[in-house]
>>> print(open('coords-v1.cif').read())   # mmCIF, C-alpha atoms
data_upload
loop_
_atom_site.label_atom_id
_atom_site.label_comp_id
_atom_site.auth_asym_id
_atom_site.auth_seq_id
_atom_site.Cartn_x
_atom_site.Cartn_y
_atom_site.Cartn_z
CA MET A 1 97.71 -51.03 -17.26
CA PRO A 2 100.75 -50.58 -19.50
CA LEU A 3 103.14 -53.49 -19.60
CA ASP A 4 106.53 -51.79 -19.26
CA ARG A 5 108.05 -54.91 -17.74
CA HIS A 6 109.93 -58.20 -18.05
CA PRO A 7 107.67 -61.23 -18.75
CA GLU A 8 108.38 -62.62 -15.27
CA LEU A 9 107.24 -59.42 -13.57
CA ASN A 10 103.65 -58.55 -12.75
CA SER A 11 101.88 -55.48 -14.13
CA LEU A 12 103.38 -53.34 -11.34
CA GLY A 13 106.89 -54.41 -12.31
CA LEU A 14 107.42 -56.67 -9.31
CA PRO A 15 108.61 -60.32 -9.39
CA LYS A 16 105.56 -61.73 -7.60
CA ALA A 17 102.14 -63.02 -8.44
CA PRO A 18 99.49 -60.30 -7.95
CA ALA A 19 97.90 -62.19 -5.05
CA GLU A 20 101.26 -62.11 -3.24
CA THR A 21 101.83 -58.41 -3.95
CA ARG A 22 100.48 -55.99 -1.35
CA VAL A 23 99.68 -52.51 -2.64
CA VAL A 24 98.71 -49.59 -0.44
CA VAL A 25 96.49 -47.22 -2.42
CA ALA A 26 96.26 -43.60 -1.27
CA MET A 27 92.51 -42.99 -1.54
CA SER A 28 91.19 -39.42 -1.49
CA GLY A 29 87.59 -40.49 -2.04
CA GLY A 30 87.59 -39.18 -5.61
CA VAL A 31 87.12 -41.11 -8.82
CA ASP A 32 90.82 -41.28 -9.74
CA SER A 33 92.22 -43.06 -6.70
CA SER A 34 89.05 -45.15 -6.44
CA VAL A 35 89.60 -46.48 -9.97
CA VAL A 36 93.24 -47.27 -9.13
CA ALA A 37 92.20 -49.28 -6.07
CA ALA A 38 89.36 -51.05 -7.89
CA SER A 39 91.45 -51.98 -10.93
CA LEU A 40 94.24 -53.40 -8.78
CA ALA A 41 91.74 -55.36 -6.70
CA GLU A 42 90.15 -56.75 -9.86
CA ASP A 43 93.60 -57.77 -11.11
CA GLY A 44 94.02 -59.86 -7.96
CA TYR A 45 96.43 -57.69 -5.97
CA ASP A 46 96.37 -57.58 -2.17
CA VAL A 47 95.01 -54.02 -1.94
CA VAL A 48 94.92 -51.93 1.23
CA GLY A 49 93.16 -48.56 0.94
CA VAL A 50 94.34 -45.69 3.12
CA THR A 51 92.66 -42.29 3.42
CA LEU A 52 94.22 -39.39 5.28
CA GLN A 53 92.20 -37.10 7.50
CA LEU A 54 94.15 -33.90 6.96
CA TYR A 55 92.13 -31.21 8.69
CA ASP A 56 89.14 -30.66 10.97
CA HIS A 57 86.60 -33.35 10.23
CA GLY A 58 83.61 -31.37 11.47
CA ALA A 59 84.39 -28.36 9.29
CA ALA A 60 85.07 -30.62 6.35
CA LEU A 61 81.63 -32.23 6.40
CA ALA A 62 79.98 -29.01 5.27
CA LYS A 63 82.47 -28.29 2.53
CA LYS A 64 82.26 -29.42 -1.08
CA GLY A 65 84.88 -29.46 -3.82
CA ALA A 66 87.92 -30.52 -1.79
CA CYS A 67 89.77 -33.75 -1.14
CA CYS A 68 89.98 -35.67 2.11
CA ALA A 69 86.87 -34.10 3.66
CA GLY A 70 84.33 -36.08 5.70
CA ARG A 71 82.24 -37.05 2.68
CA ASP A 72 85.37 -38.12 0.83
CA ILE A 73 86.43 -40.44 3.65
CA HIS A 74 82.96 -41.98 3.52
CA ASP A 75 83.16 -42.38 -0.27
CA ALA A 76 86.57 -44.08 -0.06
CA ARG A 77 85.19 -46.51 2.52
CA ARG A 78 82.21 -47.31 0.26
CA VAL A 79 84.54 -48.11 -2.65
CA ALA A 80 86.61 -50.43 -0.45
CA GLU A 81 83.50 -52.22 0.76
CA ALA A 82 82.19 -52.59 -2.79
CA MET A 83 85.49 -54.07 -4.04
CA GLY A 84 86.17 -56.15 -0.94
CA PHE A 85 89.49 -54.83 0.35
CA PRO A 86 90.42 -53.32 3.76
CA HIS A 87 90.36 -49.56 4.24
CA TYR A 88 91.93 -47.43 6.97
CA VAL A 89 91.63 -43.76 7.90
CA LEU A 90 94.75 -42.19 9.38
CA ASP A 91 94.63 -38.98 11.40
CA TYR A 92 97.32 -36.74 9.94
CA GLU A 93 95.85 -33.44 11.10
CA ASN A 94 98.84 -32.38 13.20
CA THR A 95 101.33 -33.42 10.53
CA PHE A 96 99.39 -31.62 7.80
CA ARG A 97 99.03 -28.44 9.84
CA GLU A 98 102.74 -28.30 10.70
CA ALA A 99 104.09 -29.41 7.31
CA VAL A 100 101.67 -27.68 4.95
CA ILE A 101 99.15 -25.22 6.39
CA ASP A 102 101.53 -23.24 8.63
CA GLU A 103 104.04 -22.78 5.82
CA PHE A 104 101.24 -21.78 3.46
CA ALA A 105 100.16 -19.02 5.83
CA ASP A 106 103.70 -17.81 6.54
CA SER A 107 104.58 -17.78 2.84
CA TYR A 108 101.57 -15.68 1.99
CA LEU A 109 102.41 -13.27 4.80
CA ALA A 110 105.91 -12.97 3.32
CA GLY A 111 104.48 -11.95 -0.05
CA ALA A 112 104.95 -15.30 -1.81
CA THR A 113 102.37 -17.36 -3.70
CA PRO A 114 102.77 -20.88 -2.29
CA VAL A 115 101.62 -24.18 -3.80
CA PRO A 116 100.51 -26.28 -0.79
CA CYS A 117 99.56 -29.30 -2.92
CA ILE A 118 103.24 -29.84 -3.75
CA ARG A 119 104.21 -29.65 -0.08
CA CYS A 120 101.44 -32.12 0.78
CA ASN A 121 102.77 -34.64 -1.73
CA GLU A 122 106.34 -34.06 -0.58
CA ARG A 123 105.91 -33.93 3.18
CA VAL A 124 102.81 -36.00 3.87
CA LYS A 125 101.76 -38.41 1.12
CA PHE A 126 105.18 -39.36 -0.27
CA ARG A 127 106.96 -39.23 3.07
CA ASP A 128 104.79 -40.15 6.06
CA LEU A 129 102.15 -42.14 4.20
CA LEU A 130 104.81 -43.92 2.17
CA GLU A 131 106.55 -44.97 5.40
CA THR A 132 103.21 -46.19 6.74
CA ALA A 133 102.79 -48.27 3.58
CA LYS A 134 106.15 -49.89 4.26
CA ASP A 135 105.11 -50.54 7.86
CA LEU A 136 102.10 -52.38 6.45
CA ASP A 137 104.54 -54.62 4.52
CA ALA A 138 103.33 -53.25 1.20
CA ASP A 139 105.47 -53.94 -1.86
CA CYS A 140 104.56 -50.55 -3.35
CA MET A 141 102.19 -47.61 -3.00
CA ALA A 142 99.84 -46.50 -5.78
CA THR A 143 98.11 -43.16 -6.24
CA GLY A 144 95.59 -41.65 -8.65
CA HIS A 145 97.93 -38.96 -9.95
CA TYR A 146 98.10 -38.40 -13.69
CA ILE A 147 101.78 -38.94 -14.30
CA ARG A 148 103.84 -41.82 -15.69
CA ARG A 149 106.64 -43.83 -14.14
CA LYS A 150 108.90 -45.51 -16.68
CA THR A 151 111.95 -47.70 -16.31
CA GLY A 152 114.98 -46.10 -17.96
CA PRO A 153 118.66 -47.10 -18.24
CA GLY A 154 119.39 -45.52 -14.86
CA GLY A 155 116.27 -46.76 -13.08
CA PRO A 156 112.75 -45.38 -12.62
CA GLU A 157 111.98 -42.11 -14.42
CA LEU A 158 109.12 -39.66 -14.04
CA HIS A 159 107.25 -38.62 -17.21
CA MET A 160 104.32 -36.38 -18.02
CA ALA A 161 100.91 -38.03 -18.31
CA ALA A 162 99.66 -39.16 -21.70
CA ASP A 163 96.77 -36.71 -21.31
CA GLY A 164 98.35 -33.27 -21.30
CA ALA A 165 95.15 -31.69 -19.95
CA ARG A 166 95.33 -33.88 -16.81
CA ASP A 167 99.11 -33.96 -16.36
CA GLN A 168 100.12 -33.40 -12.71
CA SER A 169 103.89 -33.47 -13.12
CA TYR A 170 104.20 -29.86 -11.91
CA PHE A 171 102.88 -30.93 -8.51
CA LEU A 172 105.16 -33.95 -8.22
CA PHE A 173 108.58 -32.53 -9.13
CA SER A 174 109.93 -33.08 -5.61
CA THR A 175 109.46 -36.87 -5.83
CA THR A 176 112.86 -38.43 -5.13
CA ARG A 177 114.58 -41.32 -6.89
CA GLU A 178 114.09 -43.51 -3.83
CA GLN A 179 110.37 -42.72 -3.69
CA LEU A 180 110.02 -43.43 -7.42
CA GLY A 181 111.29 -46.93 -6.78
CA TYR A 182 108.29 -47.55 -4.51
CA LEU A 183 105.52 -45.51 -6.14
CA ARG A 184 103.15 -46.51 -8.94
CA PHE A 185 100.82 -44.30 -11.01
CA PRO A 186 98.41 -46.58 -12.89
CA LEU A 187 96.37 -43.77 -14.52
CA GLY A 188 99.24 -41.95 -16.21
CA HIS A 189 98.86 -43.76 -19.52
CA LEU A 190 95.13 -43.05 -19.98
CA ALA A 191 94.22 -40.77 -22.88
CA SER A 192 91.52 -38.82 -21.03
CA LYS A 193 89.53 -38.47 -17.81
CA ASP A 194 86.58 -39.97 -19.71
CA GLU A 195 88.45 -43.29 -19.71
CA THR A 196 88.81 -43.09 -15.92
CA ARG A 197 85.11 -42.44 -15.45
CA ALA A 198 84.25 -45.26 -17.86
CA LEU A 199 86.34 -47.64 -15.73
CA ALA A 200 84.60 -46.38 -12.58
CA ALA A 201 81.23 -47.10 -14.18
CA ARG A 202 82.38 -50.56 -15.28
CA TYR A 203 83.42 -51.40 -11.71
CA GLY A 204 80.09 -50.02 -10.45
CA LEU A 205 81.83 -47.54 -8.14
CA PRO A 206 79.59 -45.14 -6.21
CA VAL A 207 81.92 -42.23 -7.13
CA ALA A 208 81.78 -42.75 -10.92
CA ASP A 209 80.02 -39.41 -11.47
CA LYS A 210 81.54 -37.51 -8.56
CA PRO A 211 82.83 -34.05 -9.63
CA ASP A 212 86.54 -33.34 -9.51
CA SER A 213 87.80 -31.33 -6.54
CA GLN A 214 88.61 -27.75 -7.53
CA ASP A 215 89.97 -26.02 -4.46
CA ILE A 216 92.96 -26.52 -2.21
CA CYS A 217 91.43 -28.81 0.41
CA PHE A 218 91.68 -26.38 3.33
CA VAL A 219 90.80 -23.23 1.34
CA PRO A 220 87.00 -23.00 0.96
CA ASN A 221 85.88 -21.42 -2.32
CA GLY A 222 89.44 -20.43 -3.19
CA ASP A 223 89.41 -17.55 -0.67
CA TYR A 224 93.05 -17.64 0.40
CA ALA A 225 92.91 -14.35 2.29
CA ALA A 226 90.06 -15.50 4.53
CA VAL A 227 92.04 -18.59 5.53
CA ILE A 228 95.17 -16.54 6.24
CA GLU A 229 93.21 -14.11 8.42
CA LYS A 230 91.79 -17.04 10.37
CA LEU A 231 95.22 -18.65 10.82
CA ARG A 232 97.09 -15.41 11.46
CA PRO A 233 94.73 -12.84 13.03
CA GLY A 234 95.65 -9.26 12.16
CA ALA A 235 97.43 -10.26 8.97
CA ALA A 236 95.25 -8.13 6.69
CA GLU A 237 96.58 -4.71 7.66
CA PRO A 238 95.85 -1.93 5.14
CA GLY A 239 98.55 0.02 3.36
CA GLU A 240 99.38 1.99 0.24
CA ILE A 241 99.13 1.04 -3.41
CA VAL A 242 102.20 2.64 -4.96
CA HIS A 243 103.21 3.02 -8.60
CA ALA A 244 106.70 1.80 -9.45
CA ASP A 245 107.62 5.43 -10.09
CA GLY A 246 106.78 6.34 -6.48
CA ARG A 247 103.28 7.80 -6.85
CA VAL A 248 100.75 6.78 -4.20
CA LEU A 249 97.64 5.70 -6.08
CA GLY A 250 95.38 4.45 -3.33
CA GLU A 251 94.99 2.20 -0.33
CA HIS A 252 94.75 -1.58 -0.17
CA ARG A 253 93.08 -3.78 2.43
CA GLY A 254 96.03 -6.06 3.14
CA VAL A 255 98.96 -7.39 1.13
CA ILE A 256 97.60 -10.93 1.51
CA HIS A 257 94.75 -10.06 -0.87
CA TYR A 258 97.15 -9.54 -3.81
CA THR A 259 99.40 -11.67 -6.02
CA ILE A 260 102.09 -10.87 -8.56
CA GLY A 261 100.55 -10.26 -11.98
CA GLN A 262 97.11 -9.34 -10.62
CA ARG A 263 95.23 -6.66 -12.55
CA ARG A 264 91.61 -6.86 -11.44
CA GLY A 265 90.33 -5.70 -8.07
CA LEU A 266 93.03 -3.10 -7.43
CA GLY A 267 90.54 -0.25 -7.02
CA ILE A 268 92.69 2.28 -8.87
CA GLY A 269 90.70 2.86 -12.05
CA GLY A 270 90.69 5.97 -14.20
CA LEU A 271 94.37 5.77 -15.17
CA ASP A 272 95.79 6.06 -18.66
CA GLU A 273 97.40 2.61 -18.67
CA PRO A 274 96.41 -0.78 -17.22
CA LEU A 275 98.46 -1.53 -14.12
CA TYR A 276 99.47 -4.87 -12.60
CA VAL A 277 100.88 -5.94 -9.25
CA VAL A 278 104.62 -6.17 -9.89
CA LYS A 279 105.92 -6.47 -6.32
CA LEU A 280 104.66 -6.99 -2.78
CA ASP A 281 106.51 -5.05 -0.07
CA VAL A 282 105.39 -6.92 3.00
CA ASP A 283 107.52 -5.05 5.54
CA GLY A 284 106.34 -1.69 4.23
CA ARG A 285 102.76 -2.96 3.73
CA ARG A 286 102.87 -1.68 0.14
CA VAL A 287 101.50 -3.14 -3.07
CA ILE A 288 103.69 -1.98 -5.95
CA VAL A 289 102.00 -1.69 -9.35
CA GLY A 290 103.34 -0.94 -12.81
CA PRO A 291 102.86 -1.58 -16.53
CA LYS A 292 102.71 -5.11 -17.89
CA THR A 293 106.25 -4.83 -19.26
CA MET A 294 107.55 -4.86 -15.68
CA LEU A 295 106.22 -8.39 -15.21
CA ALA A 296 108.53 -9.85 -17.84
CA THR A 297 111.21 -12.03 -16.24
CA ARG A 298 114.11 -13.80 -17.87
CA LYS A 299 116.25 -14.97 -14.92
CA VAL A 300 114.62 -17.06 -12.21
CA PRO A 301 116.48 -18.05 -9.02
CA VAL A 302 115.40 -21.42 -7.58
CA ARG A 303 116.30 -23.29 -4.41
CA GLU A 304 115.46 -26.57 -2.67
CA VAL A 305 116.23 -28.22 -5.99
CA ASN A 306 115.25 -31.87 -6.39
CA TRP A 307 117.17 -33.44 -9.30
CA ILE A 308 115.98 -36.76 -10.77
CA GLY A 309 117.69 -36.42 -14.14
CA ASP A 310 120.77 -38.38 -15.17
CA GLY A 311 124.04 -37.84 -13.33
CA ALA A 312 124.75 -35.43 -10.50
CA PHE A 313 123.01 -32.06 -10.62
CA THR A 314 126.23 -30.06 -10.48
CA GLU A 315 128.29 -32.11 -12.92
CA GLU A 316 127.35 -29.83 -15.82
CA ALA A 317 127.73 -26.05 -15.71
CA GLU A 318 124.55 -25.60 -17.70
CA ARG A 319 121.85 -27.66 -19.36
CA ALA A 320 119.28 -26.92 -22.04
CA VAL A 321 115.89 -27.79 -20.55
CA SER A 322 112.25 -26.75 -20.67
CA VAL A 323 110.63 -25.34 -17.55
CA ARG A 324 107.21 -24.57 -16.15
CA VAL A 325 107.04 -21.55 -13.82
CA ARG A 326 103.31 -22.05 -13.12
CA SER A 327 101.11 -25.12 -13.27
CA THR A 328 98.96 -23.55 -15.99
CA ARG A 329 101.85 -22.64 -18.29
CA PRO A 330 103.26 -24.92 -20.99
CA PRO A 331 106.97 -25.81 -20.71
CA ALA A 332 109.23 -23.09 -22.12
CA GLU A 333 112.83 -23.46 -23.26
CA ALA A 334 115.48 -22.37 -20.78
CA ILE A 335 119.07 -22.78 -19.63
CA LEU A 336 119.55 -24.39 -16.21
CA ARG A 337 122.71 -23.39 -14.32
CA PRO A 338 123.41 -25.10 -10.99
CA VAL A 339 124.75 -22.83 -8.25
CA SER A 340 125.03 -25.59 -5.63
CA GLU A 341 123.50 -29.02 -5.00
CA THR A 342 120.21 -27.34 -4.08
CA GLU A 343 120.25 -23.95 -5.85
CA ALA A 344 120.23 -22.86 -9.46
CA GLU A 345 119.56 -20.02 -11.84
CA VAL A 346 117.13 -20.60 -14.69
CA GLU A 347 117.45 -18.34 -17.72
CA LEU A 348 114.33 -18.28 -19.87
CA LEU A 349 115.02 -17.96 -23.58
CA ALA A 350 111.83 -15.90 -23.90
CA PRO A 351 110.76 -13.78 -20.91
CA GLU A 352 107.70 -14.90 -18.95
CA GLU A 353 105.22 -12.67 -17.15
CA GLY A 354 104.09 -13.08 -13.57
CA VAL A 355 106.93 -15.26 -12.30
CA SER A 356 106.25 -15.28 -8.57
CA PRO A 357 108.25 -16.28 -5.48
CA GLY A 358 106.66 -19.29 -3.82
CA GLN A 359 105.74 -21.00 -7.07
CA ALA A 360 107.62 -24.03 -8.37
CA CYS A 361 109.93 -24.07 -11.37
CA VAL A 362 109.81 -27.58 -12.82
CA PHE A 363 112.46 -28.91 -15.21
CA TYR A 364 111.62 -31.07 -18.24
CA GLU A 365 113.57 -32.75 -20.99
CA THR A 366 113.28 -30.43 -23.99
CA GLY A 367 111.14 -32.00 -26.67
CA GLY A 368 110.30 -34.99 -24.48
CA THR A 369 108.09 -36.01 -21.58
CA ARG A 370 110.63 -36.72 -18.85
CA VAL A 371 110.55 -34.72 -15.62
CA LEU A 372 114.09 -33.84 -14.52
CA GLY A 373 113.18 -32.27 -11.19
CA GLY A 374 112.60 -28.71 -10.10
CA GLY A 375 112.89 -26.16 -7.34
CA TRP A 376 111.13 -23.28 -5.62
CA ILE A 377 111.23 -19.77 -7.04
CA TRP A 378 112.54 -17.17 -4.65
CA ARG A 379 113.71 -13.58 -4.77
CA GLY A 380 117.41 -14.43 -4.78
CA ARG A 381 120.13 -12.82 -2.74
#
>>> encode(input="coords-v1.cif", output="C-alpha cells")
Amino acid sequence: MPLDRHPELNSLGLPKAPAETRVVVAMSGGVDSSVVAASLAEDGYDVVGVTLQLYDHGAALAKKGACCAGRDIHDARRVAEAMGFPHYVLDYENTFREAVIDEFADSYLAGATPVPCIRCNERVKFRDLLETAKDLDADCMATGHYIRRKTGPGGPELHMAADGARDQSYFLFSTTREQLGYLRFPLGHLASKDETRALAARYGLPVADKPDSQDICFVPNGDYAAVIEKLRPGAAEPGEIVHADGRVLGEHRGVIHYTIGQRRGLGIGGLDEPLYVVKLDVDGRRVIVGPKTMLATRKVPVREVNWIGDGAFTEEAERAVSVRVRSTRPPAEAILRPVSETEAEVELLAPEEGVSPGQACVFYETGGTRVLGGGWIWRGR
C-alpha cells in the first residue's frame, strides 16, 4: 500500500497499530475486494468482511457475471475463512430495491439513461453500509474500487486511479467529504488489474482467476428493457418513430428499448442518411430520430451536484474544469457555472455527442487527477 502518511500513522493513515485498527471491508465476492481484505489481514489489521445481499438470492444463484449474487456471497465467505477473519452477510434487499432499482425503472420510463451503480454506492454502500461499519466500531471502511484517496491541504481528496483503464472515479463522484474521511481504497495505486490478480494468487485466494462482473447486478445479460417490463408491466407500449422534421418513419416496440445516440436496431433502413435517436418523447410514446449532427451538445444542465473541490461550490461564478459525460468518455475541457448549491450549467469547449439525461457529469481538475465532484444530467427547465 502507498505510504501517504506521517511516520506515526499506520498504512491506512490512522494513529494506531494495525492490530488495534478495525477495518470493515465491503466484499462483493470478486477478486478486487477479496485482495483488499486479504492484504489488510496479512498486514495485521482487525478485518471484518461484510457482503450485501442486494436482490433475490434464489434468482441470483443461476446468474453469472454480476456482483453480490449467491455464488459471490459464497466466494466472499471462502476468502474470509481462508484468511481467518469474520464475515457477515447483510440483507439489504428492501433498501436496494427502494433506493436503486425503483429509481432505475422510473428513470428509464421517463426517457432517461440511469446509472444505478452510482446510486448503489451513494445510497447503499457509502451510506447504510458505512453506518453499519461505524456500528461495528470500525475505524474505517475499505473497498475494492479503483480510485485513490490522498491527503491534501484541505483534507482528504479523491483522485483517479493510477490505472486509467480501471479507473472508477465516474461512479464515485457523489462521495462526500465526510465519507472520504472514513473510506479507504487500497487498490487505487496499482498499475494494472494483473497486479491485483497476482496478489490474489500469492494469498492463495479461491477467486484469483474469477472473471470480472460485466453487467449491472440486477440486469441479466444487459437486457434493460426486460427488467423494466418485469418491474413495470405494460411499460413497453408501441409508438411511432418520427424524424425530427416530422415525418413518421415507422413503429417502435416501446420507448424503453431505445437510448439517446442509438443507431442500430431502429428498423428504419433504406434511407439516404444514417439516423440516430436524438430524443425520447415518453408522454407521446415517440422515438425522435435525426442526423448525427443533432446529437452534438455544448451546454449540459446538471443537478444534485456534489462538490468536493476546494472552497464553496458557489463562491466562483465559473471554473475551468474537465468533465466526463459518460463513463466511457475521456475527460473533456469545459466551463462549470454554478446556478445554486446543487445545480450548475456545464459548457463544453468542444461539443459532445449523445449527452443523455440520467447520466452523470463528473468534474475533474484540468490536467490533473483530482475529482472535484459532479452532478446528474437532466433536460433543464
>>> resolve_selection(input="coords-v1.cif", expression="the PyMOL selection byres ((chain A and resi 361) around 7)", output="MDAnalysis selection string")
chainID A and resid 323:325 359:360 362:363 374:377
>>> atom_distance(input="coords-v1.cif", atom1="CA of Arg337 in chain A", atom2="CA of Arg379 in chain A")
16.4 Å
>>> atom_distance(input="coords-v1.cif", atom1="CA of Glu352 in chain A", atom2="CA of Phe104 in chain A")
24.3 Å
>>> closest_residue(input="coords-v1.cif", among="A:Ile216, A:Ala142, A:Leu136, A:Ala165", to="Val115 in chain A", atoms="all atoms listed in the file")
A:Ile216
>>> closest_atom_pairs(input="coords-v1.cif", of="range 335-371 of chain A", to="range 298-309 of chain A", cutoff="6 Å", atoms="all atoms listed in the file", output="CSV")
residue,atom,partner,partner_atom,distance
A:Thr342,CA,A:Val305,CA,4.5
A:Glu343,CA,A:Arg303,CA,4.3
A:Ala344,CA,A:Val302,CA,5.4
A:Glu345,CA,A:Pro301,CA,4.6
A:Val346,CA,A:Val300,CA,5.0
A:Glu347,CA,A:Lys299,CA,4.5
A:Leu348,CA,A:Arg298,CA,4.9
A:Pro351,CA,A:Arg298,CA,4.5
>>> atom_distance(input="coords-v1.cif", atom1="CA of Glu365 in chain A", atom2="CA of Leu180 in chain A")
17.6 Å
>>> closest_residue(input="coords-v1.cif", among="A:Val339, A:Gly239, A:Met160, A:Ala332", to="Glu318 in chain A", atoms="only C-alpha atoms")
A:Val339
>>> axis_aligned_box(input="coords-v1.cif", around="range 117-127 of chain A", padding_each_side="4 Å", output="AutoDock Vina command-line options")
--center_x 103.3 --center_y -34.3 --center_z 0.1 --size_x 15.4 --size_y 18.1 --size_z 15.6
>>> residues_around(input="coords-v1.cif", residues="Arg119 in chain A", least_positions_apart="6", cutoff="9 Å", atoms="only C-alpha atoms", output="PyMOL selection string")
chain A and resi 99-100+171+174
>>> resolve_selection(input="coords-v1.cif", expression="the PyMOL selection byres ((chain A and resi 76-89) around 7)", output="list in words")
Met27, Ser28, Gly29, Ser34, Ala38, Ala41, Val47, Val48, Gly49, Val50, Thr51, Leu52, Gln53, Asp72, Ile73, His74, Asp75, Leu90, Asp91, Leu205 and Pro206 of chain A
>>> closest_residue(input="coords-v1.cif", among="A:Leu266, A:Ile335, A:Ala200, A:Leu109", to="Pro233 in chain A", atoms="only C-alpha atoms")
A:Leu109
>>> residues_around(input="coords-v1.cif", residues="Leu172 in chain A", least_positions_apart="4", cutoff="7 Å", atoms="all atoms listed in the file", output="ChimeraX atom specification")
/A:118,121,168
>>> residues_near_point(input="coords-v1.cif", point="(94.6, -5.0, 5.8)", cutoff="10 Å", atoms="only C-alpha atoms", output="tab-separated table (two decimals) with C-alpha atoms, in the coordinates of the input")
chain	number	residue	atom	x	y	z
A	229	GLU	CA	93.21	-14.11	8.42
A	234	GLY	CA	95.65	-9.26	12.16
A	235	ALA	CA	97.43	-10.26	8.97
A	236	ALA	CA	95.25	-8.13	6.69
A	237	GLU	CA	96.58	-4.71	7.66
A	238	PRO	CA	95.85	-1.93	5.14
A	239	GLY	CA	98.55	0.02	3.36
A	251	GLU	CA	94.99	2.20	-0.33
A	252	HIS	CA	94.75	-1.58	-0.17
A	253	ARG	CA	93.08	-3.78	2.43
A	254	GLY	CA	96.03	-6.06	3.14
A	255	VAL	CA	98.96	-7.39	1.13
A	256	ILE	CA	97.60	-10.93	1.51
A	257	HIS	CA	94.75	-10.06	-0.87
A	285	ARG	CA	102.76	-2.96	3.73
>>> residues_around(input="coords-v1.cif", residues="Ile101 in chain A", least_positions_apart="3", cutoff="12 Å", atoms="all atoms listed in the file", output="short mmCIF file (atom, residue, chain, number, x, y, z; two decimals) with C-alpha atoms, in the frame of the given file")
data_model
loop_
_atom_site.label_atom_id
_atom_site.label_comp_id
_atom_site.auth_asym_id
_atom_site.auth_seq_id
_atom_site.Cartn_x
_atom_site.Cartn_y
_atom_site.Cartn_z
CA LEU A 54 94.15 -33.90 6.96
CA TYR A 55 92.13 -31.21 8.69
CA GLU A 93 95.85 -33.44 11.10
CA ASN A 94 98.84 -32.38 13.20
CA THR A 95 101.33 -33.42 10.53
CA PHE A 96 99.39 -31.62 7.80
CA ARG A 97 99.03 -28.44 9.84
CA GLU A 98 102.74 -28.30 10.70
CA PHE A 104 101.24 -21.78 3.46
CA ALA A 105 100.16 -19.02 5.83
CA ASP A 106 103.70 -17.81 6.54
CA SER A 107 104.58 -17.78 2.84
CA TYR A 108 101.57 -15.68 1.99
CA PRO A 114 102.77 -20.88 -2.29
CA VAL A 115 101.62 -24.18 -3.80
CA PRO A 116 100.51 -26.28 -0.79
CA CYS A 117 99.56 -29.30 -2.92
CA ILE A 118 103.24 -29.84 -3.75
CA ARG A 119 104.21 -29.65 -0.08
CA CYS A 120 101.44 -32.12 0.78
CA ARG A 123 105.91 -33.93 3.18
CA VAL A 124 102.81 -36.00 3.87
CA ILE A 216 92.96 -26.52 -2.21
CA CYS A 217 91.43 -28.81 0.41
CA PHE A 218 91.68 -26.38 3.33
CA VAL A 219 90.80 -23.23 1.34
CA TYR A 224 93.05 -17.64 0.40
CA VAL A 227 92.04 -18.59 5.53
CA ILE A 228 95.17 -16.54 6.24
CA LYS A 230 91.79 -17.04 10.37
CA LEU A 231 95.22 -18.65 10.82
CA ARG A 232 97.09 -15.41 11.46
#
>>> closest_residue(input="coords-v1.cif", among="A:Val355, A:Leu187, A:Ile260, A:Leu349", to="Thr143 in chain A", atoms="only C-alpha atoms")
A:Leu187
>>> closest_residue(input="coords-v1.cif", among="A:Asp194, A:Glu8, A:Glu353, A:Asp163", to="Asp209 in chain A", atoms="all atoms listed in the file")
A:Asp194
>>> resolve_selection(input="coords-v1.cif", expression="the PyMOL selection byres ((chain A and resi 189) around 10)", output="list in words")
Met1, Pro2, Tyr146, Ile147, Arg148, Arg149, Met160, Ala161, Ala162, Asp163, Phe185, Pro186, Leu187, Gly188, Leu190, Ala191 and Ser192 of chain A
>>> closest_residue(input="coords-v1.cif", among="A:Gly181, A:Gly204, A:Gly164, A:Gly354", to="Gly152 in chain A", atoms="all atoms listed in the file")
A:Gly181
>>> residues_near_point(input="coords-v1.cif", point="(107.0, -7.3, 6.6)", cutoff="10 Å", atoms="only C-alpha atoms", output="count of residues only")
11
